[in-house]
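Q: Got a structure for you, questions after.
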Amino acid sequence: MVILDVRNISTTFKLRGTTLRAVNDVSFGLQKGETLGIVGESGSGKTVLCHSIMQLLPRPPADISGSALFGLQDLVSCSSKDIRNIRGNRISMVFQDPQAAFNPYLRICDQLIEPLLYHRRLSRRTAMDKVLSILEETGIPDPARRCRCYPHEFSGGMLQRAMIAMALITHPEILIADEPTTALDVTIQMQILQLLKSLQRQLSMSVIFITHNLGIVAGFCDRVLVMYAGQILESASGDDLFLHTAHPYTKALIRSVPSLHVNSGELYSIEGKPPDLTKEIKGCPFAPRCTYAQGECTEEDAAAGLVGVSHFTSCRRVLKGEISL
Amino acid sequence: MITFITRRLFFQTVPSLFLIVTVAFFLIRLAPGGPFASEKSISPEVLKQLNTHYGLDKPILVQYTDYLKNVVRGDLGPSFKYPGRNVTELIAEAFPVSLELGVYALLFAILAGIGAGLLAASKPGGARDYLSTILSTSGICIPSFVLGPLLVLLFGLKLGLVNVSGWSSASDRILPSLSLGMVYVAYIARLTRGGLLETMVQDYIRTARAKGIPESTVMIKHALRGALLPVVSFLGPAAAGLITGSFVVETIFSIPGLGRFFVTAAFNRDYTMIMGTVIFYAIVIIFFNTLVDITQALLDPRLRSKLNEKA
Amino acid sequence: MKKPEPDNIAGNSLWKDATRRFTANRLAMAGLIILSVLVILCILAPLVAPWSVDVQNLSLGASAPGPGHLLGTDILGRDLFSRILYGGQISFAVGLCATLVSVLIGVSWGAVAGWAGGRTDAVMMRIVDMAYAFPFTIFVIILMVFFERSLLLLFAAIGAVEWLTMARIVRGQVMSLKSREFIDAAKGLGLSNTRIIIRHVLPNIAGPVIVYATLTVPAVMLLEAFLSFLGLGVQPPASSWGILIREGAEAMEEYPWLLIFPGTVLSITLFSLNFVGDGLRDAFDPRSSKE
């Protein structure tokens with residue numbers, strides 16, 4: 001069952017005379033209980049996409065078109081009052097750098113308690129109990145003492161757990177996690193991912209997981225969207241993405257993930273740079289860097305089609321069967 | 001925290017005090033003529049007697065050390081112009097008045113300034129911002145000795161709402177406090193606005209919004225705290241300015257405060273009174289600055305940790 | 001087509017950019033225009049003022065604005081407009097000279113502290129920190145009371161109060177310049193420290209110095225007016241805006257214009273100076289603006 005139906009989201013920024021297209025006609029659906037990964041390099045538009053859906057971008061200079069249906073409401077165009085009721089309540093977010101994302105001047109408990117006070121109208125005492133129990137669930141030892149500490153007194157991993165606790169305290173239906181493990185040590189990363197997975201099962205929550213790291217996506221996401229230059233180039237189930245890759249960009253990304261097994265000598269990285277988003281892009285945005293590109297890739301409009309069940313690709317050549325990856 | 005205060009006392013407070021007292025002492029004593037030089041009706045013999053009585057004929061270094069000894073004992077000496085009265089007494093009478101005036105002026109400045117800054121930062125570049133900036137700049141550009149009389153003219157004389165001078169009734173407090181505090185409204189508004197603009201783009205503000213918190217709460221509960229730190233730092237120099245401002249405001253409104261005493265003492269060349277006031281002001285300033293530092297530490301938990309580490 | 005001269009390009013574009021930003025700033029331009037008008041009027045007072053300040057029309061007494069007297073007259077029948085113009089000469093003169101004093105002290109102090117670094121810098125800047133919190137005006141008052149009240153003393157005393165911010169700014173600039181390569185190059189050429197400071201460092205701090213000097217002028221003029229108001233600044237028969245305001249405050253019950261006009265002129269001048277100063281600051285370094 002689709003609980004979030006995103007249709008044709010385009011986000012542009014007007015800066016000093018130029019227009020930057022950060023997100024270009026993106027559509028996807030999020031199923032209940034599903035973990036959806038959105039993968040892409042920095043600048044691919046994955047973060048802007050989610051901020052657009054949650055109305056976290058100041059408009060102007062941002063201009064957002066399209067819709068994101070959550071139940072009966074369109075998150076993109078609903079009133080600020082309505083979106084505030086949803087934020088932190090039915091849809092929560094976790095951000096990348098926990099030290100920057102927490103208010104350094106307030107205690108952790110004061111910040112964790114806020115969603116409960118505003119969305120549930122609980123008394124302070126009841127709310128505090130809930131804070132303590134969620135801190136425990138997210139694996140923070142000695143929650144009663146810890147929650148009276150300030151953010152700078154926590155380690156990175158611990159603070160990220162606290163942020164997850166803060167996001168889940170209202171048992172939201174959707175959790176948007178924007179690169180939650182990027183700022184953490186590798187060992188801690190795994191712990192956080194496992195924590196998210198178990199909590200998701202517990203709360204039957206849907207998760208949108210944004211990352212630039214394909215390695216993480218493999219064991220963690222049910223479905224994956226691959227974004228580049230503001231567009232979705234491929235979308236598939238986790239398995240299909242790796243076993244039946246249907247876009248040269250995805251293939252290149254998979255190759256660039258360093259592996260401990262293969263003695264490949266040099267690390268692979270994709271040649272070239274992402275395109276300038278202030279300029280109009282004709283055809284496939286990845287074409288200039290694609291080893292399989294041909295004339296038609298940039299001359300004709302972007303393609304779109306299915307290569308399998310729920311497996312979408314925008315590669316014209318794959319769709320035509322001209323290449324196999 | 002205690003260690004922090006004690007160390008401050010020894011390494012900053014006492015040396016500063018010492019420096020100020022020394023500079024003031026030599027500045028005054030080195031001036032041509034003595035405290036009685038301007039009295040034309042005194043004969044040279046009486047003059048000599050007075051000088052001896054007050055110890056003014058001793059070598060200057062002796063005078064200096066004698067004075068320091070007395071100050072440490074808390075004796076600021078007799079007033080030259082009010083025979084029979086002690087400087088300490090006079091200060092004790094006059095200071096509470098100035099303190100009251102200063103507190104009202106500061107409270108006004110802080111409340112109005114933060115309010116104006118909040119208003120301006122809520123929609124930067126908009127009409128509210130512009131208006132708020134112009135109004136608060138007026139505070140800086142219309143000096144207290146122009147604003148004061150103008151306010152008196154309007155509210156005291158033309159509208160007859162308040163007394164023109166004096167410090168007896170409650171309404172007497174209003175105009176002087178406004179005149180004195182107006183300048184600081186401007187500075188505090190600017191600092192608050194600047195601080196808010198900086199804070200509002202921080203990540204943790206985005207987190208607060210993502211939690212669905214109303215915008216006004218975001219600004220006041222989350223953004224303001226960080227934004228206020230520069231305002232608190234400013235309070236140190238602001239206190240100095242309030243003291244200076246009191247000279248003029250107390251003169252205009254005939255308020256029996258320490259500021260007016262100081263100006264009168266200066267004109268009367270009342271050595272001991274001047275020195276006593278300077279020392280007293282120095283102590284007040286230093287005390288106030290320590291308070292400011294402590295407040296800063298209280299506001300920013302990260303500073304607190306650093307201080308605790310150092311101590 | 002002539003080839004552009006490489007030496008001048010960097011220098012030109014900095015000033016050109018700054019000028020362009022400044023002229024685009026409406027408040028700053030308005031301030032500049034008003035300021036220029038006032039300054040020119042005051043300088044040309046002997047030509048522009050309808051009456052000489054010595055002329056007393058006792059029979060007229062204090063009168064409201066009317067024919068012959070644009071802004072009215074004071075108690076001794078002297079034309080207020082003329083008095084304001086002549087008073088402005090003194091006020092601006094003090095403003096300029098005291099600012100010069102303060103710039104000299106501030107730049108020297110800051111340059112020495114910034115260049116020396118280490119302990120010397122720490123001590124010097126600690127003194128500045130302490131001084132910030134202390135009302136220097138007390139010392140100025142003491143000075144003006146006890147020593148002979150001359151204009152020169154006034155310049156020096158006022159200048160000695162307002163040098164602190166300049167010192168801080170200059171020190172900051174010098175410190176950041178100190179570590180730049182062209183200084184190393186100069187040292188490599190065997191130039192003495194003093195020479196390096198004068199020839200290479202100082203020209204590069206001209207920008208901020210000009211900005212803060214401009215912002216110091218209103219502070220200094222305010223202080224002069226303050227002292228004159230208390231009777232400690234400019235002495236009669238000379239007059240400044242501070243003295244006019246004091247006289248106006250004393251007589252305001254019956255003759256409010258004697259207070260309002262000088263007060264307004266002083267305020268407008270301070271406004272304009274502040275806007276120009278802010279405009280200069282934004283022009284030279286838009287990042288430093290609070291926007």
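We label chains A, B, ... in the order they appear in the structure tokens, count residues from 1 in each chain, and number ligands from 1 in the order shown.
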Within 10 Å of chain B, which residues belong to chain A? Use only C-alpha atoms and report them as a VMD selection string.
A: chain A and resid 51 54 to 57 80 to 107 111 to 112 114 to 119 149 to 153 163 166 to 167
Q: Using only C-alpha atoms, find each residue in chain C having at least one atom no more than 6 Å away from chain B; report its shortest atom-to-atom pair and that distance in Å (one decimal), rows by chain then rising number, as a Markdown table.
A:
| residue | atom | partner | partner_atom | distance |
| --- | --- | --- | --- | --- |
| C:Tyr132 | CA | B:Pro237 | CA | 6.0 |
| C:Ala133 | CA | B:Pro237 | CA | 4.5 |
| C:Phe134 | CA | B:Ala240 | CA | 5.5 |
| C:Pro135 | CA | B:Ala240 | CA | 4.8 |
| C:Phe146 | CA | B:Ala31 | CA | 5.5 |
| C:Phe147 | CA | B:Ala31 | CA | 5.8 |
| C:Ala249 | CA | B:Pro149 | CA | 5.9 |
| C:Gly263 | CA | B:Val146 | CA | 5.7 |
| C:Ser267 | CA | B:Ile142 | CA | 5.2 |
| C:Leu270 | CA | B:Cys141 | CA | 5.3 |
| C:Phe271 | CA | B:Cys141 | CA | 5.6 |
| C:Lys290 | CA | B:Gly194 | CA | 5.4 |
Q: Looking at only C-alpha atoms, which of A:Arg223, A:Arg289, A:Arg255, A:Lys130 is the one that sits closest to A:Phe312?
A: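 Once distances to A:Phe312 are computed over only C-alpha atoms, the minimum belongs to A:Arg223.
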Q: Apply DSSP to the structure's backbone, then extract all residues of stretch 44-266 of chain A labelled strand (DSSP E) and return them as a ChimeraX atom specification.
A: /A:62-70,73-74,91-94,174-178,206-211,223-228,231-237
Q: Restricting the output to C-alpha atoms, write the selected residues as a short mmCIF file (atom, residue, chain, number, x, y, z; two decimals), in the first residue's frame.
A:
data_model
loop_
_atom_site.label_atom_id
_atom_site.label_comp_id
_atom_site.auth_asym_id
_atom_site.auth_seq_id
_atom_site.Cartn_x
_atom_site.Cartn_y
_atom_site.Cartn_z
CA ALA A 62 13.12 27.87 -3.99
CA ASP A 63 10.27 27.11 -6.34
CA ILE A 64 8.65 23.71 -6.01
CA SER A 65 6.15 22.15 -8.36
CA GLY A 66 4.55 18.75 -8.30
CA SER A 67 2.83 16.94 -5.48
CA ALA A 68 3.55 14.55 -2.65
CA LEU A 69 0.38 12.90 -1.48
CA PHE A 70 0.41 11.63 2.06
CA GLN A 73 -2.88 15.84 1.89
CA ASP A 74 -0.41 17.19 -0.59
CA ILE A 91 6.83 12.09 9.25
CA SER A 92 10.13 12.62 11.08
CA MET A 93 13.63 13.39 9.92
CA VAL A 94 17.11 12.42 11.00
CA ILE A 174 7.62 7.66 7.80
CA LEU A 175 11.21 8.31 8.81
CA ILE A 176 13.42 10.26 6.43
CA ALA A 177 17.05 9.61 7.28
CA ASP A 178 19.41 11.96 5.43
CA SER A 206 8.49 3.24 6.34
CA VAL A 207 11.98 4.62 5.93
CA ILE A 208 13.48 6.80 3.24
CA PHE A 209 17.22 6.39 3.51
CA ILE A 210 19.38 8.92 1.70
CA THR A 211 23.01 8.06 1.13
CA ARG A 223 14.06 -0.65 -2.99
CA VAL A 224 16.54 1.88 -4.31
CA LEU A 225 16.28 5.04 -6.39
CA VAL A 226 19.45 6.14 -8.12
CA MET A 227 19.57 9.89 -8.63
CA TYR A 228 21.84 12.01 -10.76
CA GLN A 231 16.71 13.02 -12.00
CA ILE A 232 16.01 9.38 -11.23
CA LEU A 233 18.11 7.24 -13.52
CA GLU A 234 17.16 3.87 -12.17
CA SER A 235 14.82 2.47 -9.57
CA ALA A 236 14.72 -1.17 -8.57
CA SER A 237 14.57 -3.58 -5.68
#
Q: What is the atom CA of A:Gly45-atom CA of A:Val23 distance in Å, reported with one decimal?
A: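 Value for the atom CA of A:Gly45-atom CA of A:Val23 distance: 5.5 Å.
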Q: Excluding C:Ala157 and any residue of its chain fewer than 3 positions from it, enumerate the residues within 12 Å of it, using only C-alpha atoms, and give them as a PyMOL selection string.
A: chain C and resi 94+97-102+105+136-145+147+149-154+160-163+220+223-224+227+232-233
Q: Keeping only C-alpha atoms, take the residues you just selected and write them out as a PDB file, in the first residue's frame.
A:
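Written output follows (out.pdb):
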ATOM      1  CA  VAL C  94      37.087  68.896  16.645  1.00  0.00           C
ATOM      2  CA  CYS C  97      41.265  66.517  14.611  1.00  0.00           C
ATOM      3  CA  ALA C  98      40.251  64.252  17.447  1.00  0.00           C
ATOM      4  CA  THR C  99      39.622  61.481  14.947  1.00  0.00           C
ATOM      5  CA  LEU C 100      43.101  62.034  13.581  1.00  0.00           C
ATOM      6  CA  VAL C 101      44.528  61.683  17.079  1.00  0.00           C
ATOM      7  CA  SER C 102      42.534  58.551  17.662  1.00  0.00           C
ATOM      8  CA  ILE C 105      47.055  56.165  18.484  1.00  0.00           C
ATOM      9  CA  PHE C 136      37.434  56.850  29.792  1.00  0.00           C
ATOM     10  CA  THR C 137      35.225  59.869  29.778  1.00  0.00           C
ATOM     11  CA  ILE C 138      35.876  60.156  33.488  1.00  0.00           C
ATOM     12  CA  PHE C 139      39.532  60.820  32.792  1.00  0.00           C
ATOM     13  CA  VAL C 140      38.670  63.249  30.069  1.00  0.00           C
ATOM     14  CA  ILE C 141      36.463  65.163  32.447  1.00  0.00           C
ATOM     15  CA  ILE C 142      39.233  65.233  35.012  1.00  0.00           C
ATOM     16  CA  LEU C 143      41.672  66.432  32.381  1.00  0.00           C
ATOM     17  CA  MET C 144      39.418  69.176  31.134  1.00  0.00           C
ATOM     18  CA  VAL C 145      38.664  70.366  34.638  1.00  0.00           C
ATOM     19  CA  PHE C 147      44.239  71.483  33.091  1.00  0.00           C
ATOM     20  CA  ARG C 149      41.066  74.213  28.712  1.00  0.00           C
ATOM     21  CA  SER C 150      42.482  74.587  25.282  1.00  0.00           C
ATOM     22  CA  LEU C 151      41.171  73.277  22.030  1.00  0.00           C
ATOM     23  CA  LEU C 152      44.358  71.285  21.608  1.00  0.00           C
ATOM     24  CA  LEU C 153      43.836  69.512  24.886  1.00  0.00           C
ATOM     25  CA  LEU C 154      40.301  68.782  23.841  1.00  0.00           C
ATOM     26  CA  ALA C 160      42.501  59.294  23.497  1.00  0.00           C
ATOM     27  CA  VAL C 161      39.099  57.882  24.315  1.00  0.00           C
ATOM     28  CA  GLU C 162      38.082  56.554  20.949  1.00  0.00           C
ATOM     29  CA  TRP C 163      41.127  54.662  19.672  1.00  0.00           C
ATOM     30  CA  VAL C 220      34.058  61.976  18.691  1.00  0.00           C
ATOM     31  CA  LEU C 223      31.773  63.322  22.944  1.00  0.00           C
ATOM     32  CA  GLU C 224      32.645  66.942  22.205  1.00  0.00           C
ATOM     33  CA  LEU C 227      31.595  67.787  27.171  1.00  0.00           C
ATOM     34  CA  LEU C 232      33.888  71.279  29.916  1.00  0.00           C
ATOM     35  CA  GLY C 233      34.494  71.318  26.206  1.00  0.00           C
TER      36      GLY C 233
END
Q: Give me the residues near stretch 170-186 of chain C as a VMD selection string, where near means some atom within 7 Å (using only C-alpha atoms) and where sequence neighbours in that chain fewer than 5 positions away do not count.
A: chain C and resid 107 110 to 111 113 to 115 191 196 201 205
Q: Could you write out that same residue set with N, CA and C atoms as a short mmCIF file (atom, residue, chain, number, x, y, z; two decimals), in the first residue's frame?
A:
data_model
loop_
_atom_site.label_atom_id
_atom_site.label_comp_id
_atom_site.auth_asym_id
_atom_site.auth_seq_id
_atom_site.Cartn_x
_atom_site.Cartn_y
_atom_site.Cartn_z
N VAL C 107 46.13 53.13 15.25
CA VAL C 107 46.91 52.43 14.23
C VAL C 107 48.27 52.02 14.79
N GLY C 110 47.75 49.18 17.37
CA GLY C 110 47.36 47.93 16.73
C GLY C 110 48.47 47.35 15.88
N ALA C 111 49.19 48.23 15.16
CA ALA C 111 50.25 47.74 14.29
C ALA C 111 51.37 47.12 15.11
N ALA C 113 51.19 45.89 18.18
CA ALA C 113 50.70 44.65 18.80
C ALA C 113 50.63 43.53 17.78
N GLY C 114 50.06 43.82 16.61
CA GLY C 114 49.88 42.78 15.60
C GLY C 114 51.21 42.30 15.05
N TRP C 115 52.14 43.23 14.86
CA TRP C 115 53.43 42.86 14.30
C TRP C 115 54.26 42.09 15.30
N LEU C 191 64.73 43.98 3.99
CA LEU C 191 64.17 45.24 4.47
C LEU C 191 63.97 45.19 5.98
N ILE C 196 59.20 47.62 6.39
CA ILE C 196 58.16 46.72 5.89
C ILE C 196 56.80 47.21 6.36
N VAL C 201 52.79 47.11 4.83
CA VAL C 201 51.62 46.73 5.62
C VAL C 201 50.60 47.86 5.66
N ILE C 205 46.24 48.27 4.90
CA ILE C 205 45.17 48.38 5.88
C ILE C 205 44.40 49.67 5.72
#
Q: I'd like the contact shell of C:Tyr86 - 8 Å cut-off, only C-alpha atoms, skipping same-chain residues fewer than 6 positions apart - returned as a tab-separated table (two decimals) with N, CA and C atoms, in the first residue's frame.
A:
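Below is the file that was written, around22.tsv:
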chain	number	residue	atom	x	y	z
C	42	CYS	N	29.04	74.95	6.57
C	42	CYS	CA	29.78	75.41	7.75
C	42	CYS	C	31.12	76.03	7.38
C	45	ALA	N	30.76	79.42	6.20
C	45	ALA	CA	29.95	80.25	7.09
C	45	ALA	C	30.16	81.75	6.93
C	53	VAL	N	28.26	86.30	14.26
C	53	VAL	CA	27.84	85.82	15.59
C	53	VAL	C	28.01	86.85	16.68
C	239	SER	N	31.86	78.84	20.07
C	239	SER	CA	30.66	78.06	20.36
C	239	SER	C	30.65	76.81	19.50
C	240	SER	N	30.05	75.77	20.01
C	240	SER	CA	29.90	74.56	19.22
C	240	SER	C	28.47	74.09	19.39
